[in-house]
>>> print(open('structure_20.cif').read())   # mmCIF, C-alpha atoms
data_query
#
loop_
_atom_site.label_atom_id
_atom_site.label_comp_id
_atom_site.auth_asym_id
_atom_site.auth_seq_id
_atom_site.Cartn_x
_atom_site.Cartn_y
_atom_site.Cartn_z
CA MET A 126 -30.81 -6.20 -8.08
CA ASP A 127 -29.41 -9.14 -10.06
CA ASP A 128 -25.87 -10.49 -9.88
CA THR A 129 -24.71 -8.51 -12.90
CA GLU A 130 -26.02 -5.23 -11.51
CA ALA A 131 -24.49 -5.94 -8.10
CA GLY A 132 -21.11 -6.73 -9.63
CA ALA A 133 -21.19 -3.59 -11.75
CA LEU A 134 -22.02 -1.41 -8.74
CA LEU A 135 -19.14 -2.87 -6.74
CA ARG A 136 -16.76 -2.21 -9.61
CA ARG A 137 -17.95 1.41 -9.89
CA MET A 138 -17.20 1.85 -6.20
CA LEU A 139 -13.68 0.51 -6.66
CA ASP A 140 -13.13 2.75 -9.68
CA ALA A 141 -14.32 5.78 -7.70
CA ALA A 142 -11.93 4.96 -4.84
CA ILE A 143 -9.02 4.77 -7.27
CA ALA A 144 -10.05 7.94 -9.13
CA ALA A 145 -10.27 9.96 -5.91
CA SER A 146 -6.65 9.07 -5.15
CA GLN A 147 -5.14 10.05 -8.49
CA PRO A 148 -2.13 12.39 -8.25
CA ALA A 149 -3.55 14.63 -10.99
CA LEU A 150 -6.37 15.46 -8.58
CA CYS A 151 -4.35 15.61 -5.35
CA ILE A 152 -1.08 17.29 -6.35
CA PRO A 153 -1.93 20.75 -7.79
CA GLY A 154 -3.17 22.40 -4.60
CA GLN A 155 -0.24 21.09 -2.54
CA LEU A 156 2.72 22.52 -4.44
CA PRO A 157 4.89 25.27 -2.92
CA ALA A 158 4.02 28.78 -4.05
CA PRO A 159 6.36 29.97 -6.85
CA GLY A 160 7.52 32.87 -4.67
CA GLU A 161 8.74 30.43 -2.02
CA VAL A 162 11.40 29.06 -4.38
CA ALA A 163 12.09 32.19 -6.42
CA ARG A 164 15.76 32.45 -5.42
CA GLY A 165 16.66 28.77 -5.25
CA ARG A 166 16.17 25.53 -7.10
CA LEU A 167 13.26 23.11 -6.96
CA ILE A 168 14.52 19.53 -6.78
CA VAL A 169 11.97 16.71 -7.08
CA ILE A 170 12.67 13.28 -5.62
CA GLY A 171 10.42 10.39 -4.68
CA ALA A 172 9.62 6.71 -4.58
CA GLY A 173 6.57 4.48 -4.72
CA LYS A 174 4.05 2.95 -7.07
CA ALA A 175 2.39 6.34 -7.57
CA SER A 176 5.57 8.44 -7.65
CA ALA A 177 5.92 8.65 -11.44
CA GLU A 178 2.35 9.84 -11.87
CA MET A 179 2.93 12.27 -9.00
CA ALA A 180 5.99 13.59 -10.81
CA ARG A 181 3.99 14.06 -14.01
CA ALA A 182 1.34 16.02 -12.07
CA VAL A 183 4.10 18.26 -10.67
CA GLU A 184 5.48 18.94 -14.16
CA ARG A 185 2.04 19.82 -15.49
CA ASN A 186 1.36 22.27 -12.67
CA TRP A 187 4.78 23.90 -12.20
CA SER A 188 5.82 26.51 -14.73
CA GLY A 189 9.25 27.29 -13.32
CA PRO A 190 12.48 25.30 -13.66
CA LEU A 191 12.81 21.98 -11.88
CA ALA A 192 14.81 18.78 -12.04
CA GLY A 193 14.80 15.51 -10.18
CA LEU A 194 14.59 11.75 -9.94
CA VAL A 195 11.87 9.36 -8.76
CA VAL A 196 11.77 5.56 -8.72
CA THR A 197 8.66 3.48 -9.32
CA ARG A 198 7.67 -0.13 -9.89
CA TYR A 199 8.34 -1.84 -13.21
CA GLY A 200 5.45 -1.04 -15.54
CA TYR A 201 4.39 2.08 -13.61
CA ALA A 202 6.52 4.69 -15.38
CA VAL A 203 4.86 7.57 -17.24
CA PRO A 204 6.44 10.10 -19.63
CA CYS A 205 8.09 13.09 -17.91
CA GLU A 206 10.23 15.78 -19.48
CA ARG A 207 12.20 17.28 -16.59
CA ILE A 208 12.06 14.61 -13.89
CA GLU A 209 13.87 11.34 -14.53
CA ILE A 210 11.80 8.20 -13.92
CA VAL A 211 13.58 5.00 -12.90
CA GLU A 212 11.82 1.63 -12.64
CA ALA A 213 12.78 -1.02 -10.11
CA ALA A 214 11.47 -4.20 -8.50
CA HIS A 215 8.69 -4.58 -5.94
CA PRO A 216 8.08 -6.16 -3.43
CA VAL A 217 11.56 -7.73 -3.33
CA PRO A 218 14.17 -5.07 -4.20
CA ASP A 219 16.74 -5.23 -7.00
CA ALA A 220 19.90 -3.50 -8.23
CA ALA A 221 17.94 -0.85 -10.17
CA GLY A 222 16.35 0.37 -6.95
CA LEU A 223 19.70 0.29 -5.20
CA GLY A 224 21.28 2.46 -7.88
CA ALA A 225 18.37 4.91 -7.84
CA ALA A 226 18.59 5.28 -4.06
CA ARG A 227 22.31 6.08 -4.24
CA ARG A 228 21.76 8.67 -6.96
CA MET A 229 18.89 10.25 -5.03
CA LEU A 230 21.06 10.82 -1.97
CA GLU A 231 23.77 12.39 -4.12
CA LEU A 232 21.21 14.64 -5.82
CA VAL A 233 20.16 16.31 -2.56
CA ARG A 234 23.59 16.66 -0.98
CA GLY A 235 25.15 20.12 -1.03
CA LEU A 236 21.90 22.11 -1.38
CA SER A 237 21.55 25.60 0.09
CA GLU A 238 18.98 27.20 2.38
CA GLU A 239 17.39 28.84 -0.67
CA ASP A 240 16.70 25.50 -2.37
CA THR A 241 13.49 23.48 -1.99
CA VAL A 242 13.20 19.71 -2.19
CA LEU A 243 9.80 18.31 -3.12
CA CYS A 244 9.62 14.65 -2.11
CA LEU A 245 6.85 12.50 -3.63
CA ILE A 246 6.22 9.37 -1.58
CA SER A 247 3.65 6.61 -1.96
CA GLY A 248 3.28 2.98 -0.99
CA GLY A 249 5.90 0.61 -2.35
CA GLY A 250 8.76 2.97 -1.66
CA SER A 251 10.33 0.67 0.93
CA ALA A 252 11.25 -1.92 -1.67
CA LEU A 253 12.04 0.68 -4.33
CA LEU A 254 14.68 2.46 -2.19
CA PRO A 255 16.79 -0.49 -0.98
CA LEU A 256 19.95 1.26 0.14
CA PRO A 257 21.43 -0.87 2.96
CA LEU A 258 23.62 0.40 5.75
CA GLU A 259 27.33 -0.33 5.63
CA GLY A 260 27.97 -4.01 6.29
CA ILE A 261 24.67 -5.12 4.73
CA THR A 262 24.30 -6.19 1.09
CA LEU A 263 21.42 -5.96 -1.36
CA GLU A 264 21.12 -9.73 -1.06
CA ASP A 265 20.68 -9.31 2.69
CA LYS A 266 17.91 -6.76 2.09
CA GLN A 267 16.20 -9.15 -0.32
CA LEU A 268 16.36 -11.89 2.29
CA VAL A 269 14.91 -9.60 4.96
CA ASN A 270 12.06 -8.44 2.72
CA ALA A 271 11.13 -11.95 1.65
CA ALA A 272 11.14 -13.20 5.26
CA LEU A 273 9.02 -10.29 6.49
CA LEU A 274 6.47 -10.74 3.71
CA LYS A 275 5.93 -14.39 4.66
CA SER A 276 5.94 -13.88 8.44
CA GLY A 277 2.50 -12.41 9.05
CA ALA A 278 4.01 -9.22 10.52
CA THR A 279 1.99 -6.02 10.15
CA ILE A 280 3.12 -3.35 7.72
CA GLY A 281 4.16 -1.18 10.66
CA GLU A 282 6.32 -3.96 12.06
CA MET A 283 7.88 -4.72 8.68
CA ASN A 284 8.74 -1.08 8.13
CA CYS A 285 10.25 -0.73 11.59
CA VAL A 286 12.77 -3.45 10.68
CA ARG A 287 13.41 -1.91 7.27
CA ARG A 288 14.05 1.56 8.70
CA HIS A 289 16.80 0.27 10.95
CA LEU A 290 18.68 -1.55 8.21
CA SER A 291 18.58 1.29 5.70
CA ALA A 292 20.90 4.14 4.78
CA ILE A 293 18.02 6.18 3.28
CA LYS A 294 14.84 5.37 5.21
CA GLY A 295 13.88 6.42 8.74
CA GLY A 296 14.49 10.13 8.06
CA ARG A 297 17.94 9.70 6.51
CA LEU A 298 16.93 11.04 3.09
CA GLY A 299 15.33 14.05 4.77
CA ALA A 300 18.45 14.70 6.84
CA ALA A 301 20.55 14.61 3.66
CA CYS A 302 18.45 17.47 2.22
CA HIS A 303 19.51 19.85 5.04
CA PRO A 304 19.74 22.88 4.98
CA ALA A 305 17.25 23.09 2.09
CA ARG A 306 13.54 23.40 2.73
CA LEU A 307 11.85 20.00 2.42
CA VAL A 308 8.19 19.40 1.51
CA THR A 309 7.04 15.77 1.43
CA LEU A 310 3.74 14.90 -0.28
CA LEU A 311 2.39 11.53 0.83
CA ILE A 312 -0.16 9.17 -0.67
CA SER A 313 -0.87 6.85 2.24
CA ASP A 314 -1.17 3.10 1.86
CA VAL A 315 -0.80 2.21 5.55
CA PRO A 316 -3.30 1.75 8.39
CA GLY A 317 -3.44 4.91 10.46
CA ASP A 318 -1.60 7.02 7.84
CA ASP A 319 1.56 7.19 9.97
CA PRO A 320 4.16 8.99 7.80
CA ARG A 321 6.92 6.80 9.28
CA ASP A 322 5.33 3.75 7.70
CA ILE A 323 4.66 5.12 4.22
CA ALA A 324 7.70 3.82 2.29
CA SER A 325 9.36 3.46 5.72
CA GLY A 326 9.51 7.22 6.23
CA PRO A 327 12.61 8.33 4.28
CA THR A 328 12.05 12.01 5.12
CA VAL A 329 10.39 11.90 8.57
CA ALA A 330 11.72 11.45 12.08
CA ASP A 331 11.34 8.05 13.71
CA ALA A 332 11.03 7.40 17.44
CA SER A 333 11.34 3.60 17.14
CA THR A 334 14.65 1.93 17.96
CA CYS A 335 16.94 -0.89 16.92
CA GLU A 336 15.72 -2.82 19.96
CA ASP A 337 12.15 -2.48 18.66
CA ALA A 338 13.28 -4.01 15.36
CA LEU A 339 15.01 -6.88 17.15
CA ALA A 340 11.87 -7.55 19.20
CA ILE A 341 9.83 -7.84 15.99
CA LEU A 342 12.28 -10.35 14.53
CA ARG A 343 12.07 -12.41 17.71
CA ARG A 344 8.27 -12.16 17.81
CA TYR A 345 7.90 -13.76 14.38
CA GLY A 346 10.84 -16.13 14.60
CA ILE A 347 12.67 -14.49 11.69
CA ALA A 348 16.24 -15.73 11.46
CA LEU A 349 18.74 -13.36 9.84
CA PRO A 350 22.50 -13.59 9.30
CA GLU A 351 24.62 -12.57 12.28
CA HIS A 352 26.22 -9.62 10.50
CA VAL A 353 22.73 -8.18 9.84
CA LEU A 354 21.64 -8.70 13.43
CA ASP A 355 24.85 -7.04 14.60
CA VAL A 356 23.81 -3.78 12.91
CA LEU A 357 20.74 -3.76 15.16
CA ARG A 358 22.43 -5.02 18.34
CA SER A 359 25.21 -2.45 18.08
CA GLY A 360 22.81 0.45 17.51
CA ARG A 361 24.44 1.35 14.18
CA GLY A 362 21.03 1.17 12.56
CA GLU A 363 19.41 3.92 14.62
CA SER A 364 17.15 6.17 12.57
CA VAL A 365 16.85 9.98 12.66
CA LYS A 366 14.99 10.92 15.84
CA PRO A 367 12.33 13.59 16.54
CA GLY A 368 13.93 16.96 17.25
CA ASP A 369 16.90 16.38 14.95
CA PRO A 370 17.89 19.87 13.68
CA ARG A 371 18.43 18.51 10.16
CA LEU A 372 14.66 18.10 9.86
CA ALA A 373 13.78 21.52 11.28
CA ARG A 374 12.69 22.78 7.84
CA ALA A 375 10.85 19.59 6.87
CA GLU A 376 7.10 19.61 6.24
CA VAL A 377 4.82 16.62 5.58
CA ARG A 378 1.45 16.74 3.80
CA LEU A 379 -0.94 13.81 3.38
CA ILE A 380 -2.64 14.34 0.03
CA ALA A 381 -4.54 11.05 -0.43
CA THR A 382 -5.55 8.44 2.12
CA PRO A 383 -7.61 5.23 2.38
CA GLN A 384 -10.39 7.16 4.15
CA MET A 385 -10.71 9.58 1.23
CA ALA A 386 -10.99 6.63 -1.17
CA LEU A 387 -13.67 4.92 0.92
CA GLU A 388 -15.68 8.14 1.10
CA ALA A 389 -15.60 8.38 -2.70
CA ALA A 390 -16.91 4.81 -2.94
CA ALA A 391 -19.60 5.62 -0.39
CA ARG A 392 -20.88 8.45 -2.58
CA VAL A 393 -21.32 6.02 -5.48
CA ALA A 394 -23.36 3.72 -3.25
CA LEU A 395 -25.58 6.58 -2.09
CA ASP A 396 -26.23 7.62 -5.68
CA ALA A 397 -27.43 4.06 -6.33
CA GLY A 398 -29.80 4.12 -3.34
CA ILE A 399 -27.56 1.90 -1.16
CA THR A 400 -26.63 3.00 2.37
CA PRO A 401 -22.84 2.82 2.88
CA HIS A 402 -21.19 1.99 6.18
CA ILE A 403 -17.43 2.54 6.49
CA LEU A 404 -16.27 -0.01 9.05
CA GLY A 405 -12.71 1.31 9.17
CA ASP A 406 -9.90 2.55 6.95
CA SER A 407 -7.17 0.70 8.83
CA LEU A 408 -8.32 -2.88 9.43
CA GLU A 409 -5.45 -5.29 10.01
CA GLY A 410 -5.02 -8.95 10.89
CA GLU A 411 -4.86 -12.25 9.02
CA ALA A 412 -6.75 -11.85 5.76
CA ARG A 413 -8.77 -15.05 6.27
CA ASP A 414 -9.78 -14.00 9.79
CA VAL A 415 -10.92 -10.56 8.63
CA GLY A 416 -12.89 -12.30 5.88
CA LYS A 417 -14.77 -14.43 8.42
CA VAL A 418 -15.55 -11.47 10.66
CA LEU A 419 -16.87 -9.22 7.89
CA ALA A 420 -18.88 -12.13 6.48
CA GLY A 421 -20.48 -12.51 9.91
CA ILE A 422 -21.53 -8.85 9.92
CA ALA A 423 -22.95 -9.19 6.40
CA LEU A 424 -24.91 -12.31 7.42
CA GLN A 425 -26.42 -10.54 10.43
CA ALA A 426 -27.50 -7.65 8.20
CA ALA A 427 -28.98 -9.99 5.58
CA ARG A 428 -30.87 -12.16 8.08
CA ARG A 429 -31.68 -9.81 10.95
CA GLY A 430 -31.35 -6.27 9.64
CA GLN A 431 -28.67 -5.72 12.27
CA PRO A 432 -26.51 -3.78 12.80
CA PHE A 433 -27.48 -2.29 9.43
CA ALA A 434 -30.71 -2.36 7.48
CA VAL A 435 -30.69 -3.78 3.97
CA PRO A 436 -29.79 -2.63 1.32
CA CYS A 437 -26.36 -1.59 2.50
CA VAL A 438 -22.70 -1.89 1.62
CA LEU A 439 -19.95 -2.53 4.16
CA LEU A 440 -16.76 -0.70 3.15
CA SER A 441 -13.33 -1.11 4.69
CA GLY A 442 -9.69 -0.44 3.97
CA GLY A 443 -6.32 -1.07 5.57
CA GLU A 444 -3.82 -3.84 5.03
CA THR A 445 -4.35 -7.42 6.08
CA THR A 446 -1.54 -9.96 6.20
CA VAL A 447 -1.09 -13.53 5.04
CA THR A 448 1.05 -16.02 6.91
CA VAL A 449 2.18 -18.17 3.99
CA ARG A 450 1.92 -21.89 4.63
CA GLY A 451 0.97 -23.17 1.18
CA ASN A 452 2.38 -23.02 -2.33
CA GLY A 453 -0.42 -21.13 -4.08
CA ARG A 454 -0.40 -17.81 -5.92
CA GLY A 455 -1.24 -15.83 -2.79
CA GLY A 456 -2.75 -12.36 -2.52
CA ARG A 457 -4.18 -10.93 0.71
CA ASN A 458 -7.33 -9.55 -0.93
CA VAL A 459 -8.22 -12.80 -2.65
CA GLU A 460 -7.44 -14.72 0.56
CA PHE A 461 -9.82 -12.40 2.42
CA LEU A 462 -12.49 -12.91 -0.23
CA LEU A 463 -12.16 -16.70 -0.39
CA ALA A 464 -12.51 -16.97 3.41
CA CYS A 465 -15.45 -14.60 3.20
CA ALA A 466 -17.19 -16.72 0.54
CA LEU A 467 -16.73 -19.86 2.63
CA ALA A 468 -18.23 -18.15 5.68
CA LEU A 469 -21.18 -16.76 3.70
CA ARG A 470 -22.01 -20.23 2.31
CA GLY A 471 -23.89 -18.81 -0.66
CA GLU A 472 -26.09 -16.43 1.35
CA PRO A 473 -28.62 -14.91 -1.08
CA GLY A 474 -28.20 -11.20 -1.75
CA VAL A 475 -24.60 -10.88 -0.54
CA HIS A 476 -21.91 -9.88 -3.06
CA GLY A 477 -18.34 -8.78 -2.48
CA LEU A 478 -15.25 -7.27 -4.06
CA ALA A 479 -11.77 -6.89 -2.65
CA ALA A 480 -8.79 -5.39 -4.44
CA ASP A 481 -5.53 -3.57 -3.93
CA THR A 482 -5.91 -0.03 -5.22
CA ASP A 483 -2.48 -0.15 -6.87
CA GLY A 484 -3.68 -2.92 -9.20
CA VAL A 485 -1.41 -5.64 -7.79
CA ASP A 486 -2.54 -8.07 -5.09
CA GLY A 487 0.51 -9.84 -3.69
CA GLN A 488 2.87 -10.48 -6.59
CA GLU A 489 0.14 -11.07 -9.20
CA GLU A 490 -0.71 -8.55 -11.91
CA ILE A 491 -4.30 -8.88 -10.70
CA ALA A 492 -5.95 -6.36 -8.38
CA GLY A 493 -8.29 -8.76 -6.60
CA ALA A 494 -11.57 -10.59 -7.21
CA ALA A 495 -15.34 -10.57 -6.75
CA ILE A 496 -17.81 -13.01 -5.19
CA ALA A 497 -21.53 -13.61 -5.63
CA PRO A 498 -24.04 -15.93 -3.94
CA ASP A 499 -23.26 -18.65 -6.52
CA THR A 500 -19.45 -18.52 -6.15
CA LEU A 501 -19.08 -21.75 -4.17
CA GLU A 502 -21.65 -23.59 -6.27
CA ARG A 503 -19.81 -22.71 -9.48
CA ALA A 504 -16.48 -23.64 -7.90
CA TRP A 505 -17.69 -27.11 -6.90
CA ALA A 506 -19.21 -27.63 -10.35
CA ALA A 507 -15.80 -26.79 -11.86
CA GLY A 508 -14.07 -29.35 -9.67
CA LEU A 509 -12.46 -26.76 -7.38
CA ARG A 510 -12.07 -27.31 -3.66
CA PRO A 511 -12.37 -23.91 -1.96
CA HIS A 512 -11.09 -25.06 1.44
CA ASP A 513 -8.04 -26.65 -0.18
CA SER A 514 -7.39 -23.45 -2.15
CA LEU A 515 -7.50 -21.44 1.07
CA ASP A 516 -5.19 -23.87 2.87
CA ASP A 517 -2.74 -23.57 -0.04
CA ASN A 518 -2.89 -19.73 -0.04
CA ASP A 519 -4.15 -19.99 -3.62
CA GLY A 520 -6.82 -17.31 -3.82
CA HIS A 521 -5.60 -16.10 -7.20
CA GLY A 522 -5.67 -19.61 -8.63
CA PHE A 523 -9.21 -20.13 -7.34
CA PHE A 524 -10.72 -16.90 -8.67
CA SER A 525 -8.81 -17.03 -11.95
CA ALA A 526 -10.28 -20.48 -12.62
CA LEU A 527 -13.77 -19.05 -12.11
CA GLY A 528 -13.13 -15.99 -14.27
CA ASP A 529 -13.85 -13.75 -11.27
CA SER A 530 -10.52 -11.92 -11.00
CA VAL A 531 -10.58 -8.11 -10.99
CA VAL A 532 -7.93 -6.69 -13.33
CA THR A 533 -7.30 -2.95 -13.42
CA GLY A 534 -3.76 -2.72 -14.77
CA PRO A 535 -1.42 -0.17 -13.15
CA THR A 536 -3.64 2.40 -11.43
CA LEU A 537 -0.77 4.87 -10.80
CA THR A 538 -1.89 5.39 -7.21
CA ASN A 539 -1.90 3.33 -4.01
CA VAL A 540 -4.19 3.77 -1.00
CA ASN A 541 -4.04 0.10 -0.09
CA ASP A 542 -6.82 -2.46 0.17
CA PHE A 543 -10.42 -1.78 -0.83
CA ARG A 544 -13.11 -4.15 0.44
CA ALA A 545 -16.85 -3.95 -0.15
CA LEU A 546 -19.63 -6.34 0.86
CA LEU A 547 -22.96 -5.45 -0.74
CA VAL A 548 -26.08 -6.76 1.00
CA VAL A 549 -29.36 -6.46 -0.92
CA PRO A 550 -32.71 -8.20 -0.69
CA PRO A 551 -32.48 -11.53 -2.52
CA ARG A 552 -34.24 -11.80 -5.84
CA ALA A 553 -37.65 -13.45 -5.82
CA THR A 554 -37.62 -16.92 -7.40
#
>>> encode(input="structure_20.cif", output="structure tokens")
Amino acid sequence: MDDTEAGALLRRMLDAAIAASQPALCIPGQLPAPGEVARGRLIVIGAGKASAEMARAVERNWSGPLAGLVVTRYGYAVPCERIEIVEAAHPVPDAAGLGAARRMLELVRGLSEEDTVLCLISGGGSALLPLPLEGITLEDKQLVNAALLKSGATIGEMNCVRRHLSAIKGGRLGAACHPARLVTLLISDVPGDDPRDIASGPTVADASTCEDALAILRRYGIALPEHVLDVLRSGRGESVKPGDPRLARAEVRLIATPQMALEAAARVALDAGITPHILGDSLEGEARDVGKVLAGIALQAARRGQPFAVPCVLLSGGETTVTVRGNGRGGRNVEFLLACALALRGEPGVHGLAADTDGVDGQEEIAGAAIAPDTLERAWAAGLRPHDSLDDNDGHGFFSALGDSVVTGPTLTNVNDFRALLVVPPRAT
């Protein structure tokens, strides 16, 4: 298998992972039965990078009356006739998201027991529903988000803090729907698929506490204004807890997950005669450290046939983190891949691809990148210094200069990171 064939196979695996997570495929079988809402209204709400496409899938598969509002990332809107689509900023929230969150709460207030709320949630919803508690401003929320993104905190830790500073997350949106029936459809982008962490759980109960949030801020040395910290210290930021009667009629369904996406990619590999090995759907840690570890496994397979015989592909998902110390263009998938390339040192027969399934790695409109055995050689020939690029958190700058970026455009779904290391026998020379 030459470099071109290897690269094409990796891209087909990524495309299969994205296709398996499309709302058009996942939504139809999860909708309430028409008889269940015959006497009341169906109200659709939601937030996330996939929420607009989820809303369109609902419209196409629901013949009865419905109305609603969902908020998605700029550039991710799709045409809908009965459900209003609002675009807002991600990953740092803006006024458009704030306004949408306020309107969403008003939309579900005053419903009856005969009404049904269908909530469409996917990754990105935390930033897209930035409704702060009383005493906190949008600017405060922007500060918190920016600090968390740079800290190296896990997505679970970041969302714990967000839940306790929000007037809509941590079950508060779900509580506002009471006494209506509530069905939440989730496309998971978080390690472990914990509903509390998908968009910070606006419709699910949360057992974590304000003290947990404060401990996370202390752990990462995140300094926040005193009036924000006071919301946590006073307990005013407590979320809706398990057993709250306002969530008694709430139901949660996971309709697409990282594991499902990896299994779709694995089927593509099998069809090509390559044995797939899914190493995990919820790998976390510093992106560069994960890159070194997975490179080590690939090297052992290439050189020793352990723990996997060649040809094989090592698949993994989850969400790594980047502790930002440099001034580069960032991106956790490209940081993973650059560290991986450095650890592989041009090992023959090892190729890789890493990308965010939503089409945006970090804040770049680039999904990720690909590596081949000649990546470092071409970089040095072009005058690039891979170690310096890694130190500067400039994975996107590095791979863009080589022409090795992976660009998908908006994928309209989000099951988080996709990583694949393909190990094949090296070509005879």
>>> residues_around(input="structure_20.cif", residues="Gly471 of chain A", least_positions_apart="4", cutoff="10 Å", atoms="only C-alpha atoms", output="list of chain:residue names")
A:Ala466, A:Leu467, A:Val475, A:His476, A:Ile496, A:Ala497, A:Pro498, A:Asp499, A:Thr500, A:Leu501, A:Glu502
>>> resolve_selection(input="structure_20.cif", expression="the PyMOL selection byres ((chain A and resi 145) around 10)", output="VMD selection string")
chain A and resid 140 to 144 146 to 151 381 to 383 385 to 390 538 540
>>> write_last_selection(input="structure_20.cif", atoms="C-alpha atoms", output="short mmCIF file (atom, residue, chain, number, x, y, z; two decimals), in the coordinates of the input")
data_model
loop_
_atom_site.label_atom_id
_atom_site.label_comp_id
_atom_site.auth_asym_id
_atom_site.auth_seq_id
_atom_site.Cartn_x
_atom_site.Cartn_y
_atom_site.Cartn_z
CA ASP A 140 -13.13 2.75 -9.68
CA ALA A 141 -14.32 5.78 -7.70
CA ALA A 142 -11.93 4.96 -4.84
CA ILE A 143 -9.02 4.77 -7.27
CA ALA A 144 -10.05 7.94 -9.13
CA SER A 146 -6.65 9.07 -5.15
CA GLN A 147 -5.14 10.05 -8.49
CA PRO A 148 -2.13 12.39 -8.25
CA ALA A 149 -3.55 14.63 -10.99
CA LEU A 150 -6.37 15.46 -8.58
CA CYS A 151 -4.35 15.61 -5.35
CA ALA A 381 -4.54 11.05 -0.43
CA THR A 382 -5.55 8.44 2.12
CA PRO A 383 -7.61 5.23 2.38
CA MET A 385 -10.71 9.58 1.23
CA ALA A 386 -10.99 6.63 -1.17
CA LEU A 387 -13.67 4.92 0.92
CA GLU A 388 -15.68 8.14 1.10
CA ALA A 389 -15.60 8.38 -2.70
CA ALA A 390 -16.91 4.81 -2.94
CA THR A 538 -1.89 5.39 -7.21
CA VAL A 540 -4.19 3.77 -1.00
#
>>> resolve_selection(input="structure_20.cif", expression="the PyMOL selection byres ((chain A and resi 445) around 12)", output="PyMOL selection string")
chain A and resi 274+277-281+314-316+406-416+441-444+446-448+456-462+479-481+486-487+541-544
>>> write_last_selection(input="structure_20.cif", atoms="C-alpha atoms", output="short mmCIF file (atom, residue, chain, number, x, y, z; two decimals), in the frame of the given file")
data_model
loop_
_atom_site.label_atom_id
_atom_site.label_comp_id
_atom_site.auth_asym_id
_atom_site.auth_seq_id
_atom_site.Cartn_x
_atom_site.Cartn_y
_atom_site.Cartn_z
CA LEU A 274 6.47 -10.74 3.71
CA GLY A 277 2.50 -12.41 9.05
CA ALA A 278 4.01 -9.22 10.52
CA THR A 279 1.99 -6.02 10.15
CA ILE A 280 3.12 -3.35 7.72
CA GLY A 281 4.16 -1.18 10.66
CA ASP A 314 -1.17 3.10 1.86
CA VAL A 315 -0.80 2.21 5.55
CA PRO A 316 -3.30 1.75 8.39
CA ASP A 406 -9.90 2.55 6.95
CA SER A 407 -7.17 0.70 8.83
CA LEU A 408 -8.32 -2.88 9.43
CA GLU A 409 -5.45 -5.29 10.01
CA GLY A 410 -5.02 -8.95 10.89
CA GLU A 411 -4.86 -12.25 9.02
CA ALA A 412 -6.75 -11.85 5.76
CA ARG A 413 -8.77 -15.05 6.27
CA ASP A 414 -9.78 -14.00 9.79
CA VAL A 415 -10.92 -10.56 8.63
CA GLY A 416 -12.89 -12.30 5.88
CA SER A 441 -13.33 -1.11 4.69
CA GLY A 442 -9.69 -0.44 3.97
CA GLY A 443 -6.32 -1.07 5.57
CA GLU A 444 -3.82 -3.84 5.03
CA THR A 446 -1.54 -9.96 6.20
CA VAL A 447 -1.09 -13.53 5.04
CA THR A 448 1.05 -16.02 6.91
CA GLY A 456 -2.75 -12.36 -2.52
CA ARG A 457 -4.18 -10.93 0.71
CA ASN A 458 -7.33 -9.55 -0.93
CA VAL A 459 -8.22 -12.80 -2.65
CA GLU A 460 -7.44 -14.72 0.56
CA PHE A 461 -9.82 -12.40 2.42
CA LEU A 462 -12.49 -12.91 -0.23
CA ALA A 479 -11.77 -6.89 -2.65
CA ALA A 480 -8.79 -5.39 -4.44
CA ASP A 481 -5.53 -3.57 -3.93
CA ASP A 486 -2.54 -8.07 -5.09
CA GLY A 487 0.51 -9.84 -3.69
CA ASN A 541 -4.04 0.10 -0.09
CA ASP A 542 -6.82 -2.46 0.17
CA PHE A 543 -10.42 -1.78 -0.83
CA ARG A 544 -13.11 -4.15 0.44
#
>>> resolve_selection(input="structure_20.cif", expression="the PyMOL selection byres ((chain A and resi 250-264) around 8)", output="PyMOL selection string")
chain A and resi 172-174+196-198+213-220+222-223+225-227+246-249+265-268+270+284+287+290-294+323-325+352-353+356+362
>>> closest_residue(input="structure_20.cif", among="A:Leu298, A:Met179, A:Cys437, A:Glu206", to="Gly398 of chain A", atoms="all atoms listed in the file")
A:Cys437
>>> atom_distance(input="structure_20.cif", atom1="atom CA of Val438 of chain A", atom2="atom CA of Ser530 of chain A")
20.2 Å
>>> atom_distance(input="structure_20.cif", atom1="atom CA of Thr533 of chain A", atom2="atom CA of Arg392 of chain A")
20.8 Å
>>> closest_residue(input="structure_20.cif", among="A:Ile168, A:Leu546, A:Leu236, A:Ile491", to="Ala394 of chain A", atoms="only C-alpha atoms")
A:Leu546
>>> closest_residue(input="structure_20.cif", among="A:Cys302, A:Pro511, A:Ile312, A:Val449", to="Asn539 of chain A", atoms="all atoms listed in the file")
A:Ile312
>>> closest_residue(input="structure_20.cif", among="A:Leu419, A:Leu547, A:Ala495, A:Ala271", to="Ala434 of chain A", atoms="all atoms listed in the file")
A:Leu547
>>> closest_residue(input="structure_20.cif", among="A:Pro432, A:Ala397, A:Gly235, A:Ala507", to="Ala133 of chain A", atoms="all atoms listed in the file")
A:Ala397
>>> residues_near_point(input="structure_20.cif", point="(22.8, 19.4, 3.7)", cutoff="10 Å", atoms="all atoms listed in the file", output="compact mmCIF listing (two decimals) with C-alpha atoms, in the frame of the given file")
# COMPACT_ATOMS: atom_id res chain seq x y z
CA VAL A 233 20.16 16.31 -2.56
CA ARG A 234 23.59 16.66 -0.98
CA GLY A 235 25.15 20.12 -1.03
CA LEU A 236 21.90 22.11 -1.38
CA SER A 237 21.55 25.60 0.09
CA GLU A 238 18.98 27.20 2.38
CA GLY A 299 15.33 14.05 4.77
CA ALA A 300 18.45 14.70 6.84
CA ALA A 301 20.55 14.61 3.66
CA CYS A 302 18.45 17.47 2.22
CA HIS A 303 19.51 19.85 5.04
CA PRO A 304 19.74 22.88 4.98
CA ALA A 305 17.25 23.09 2.09
CA ARG A 371 18.43 18.51 10.16
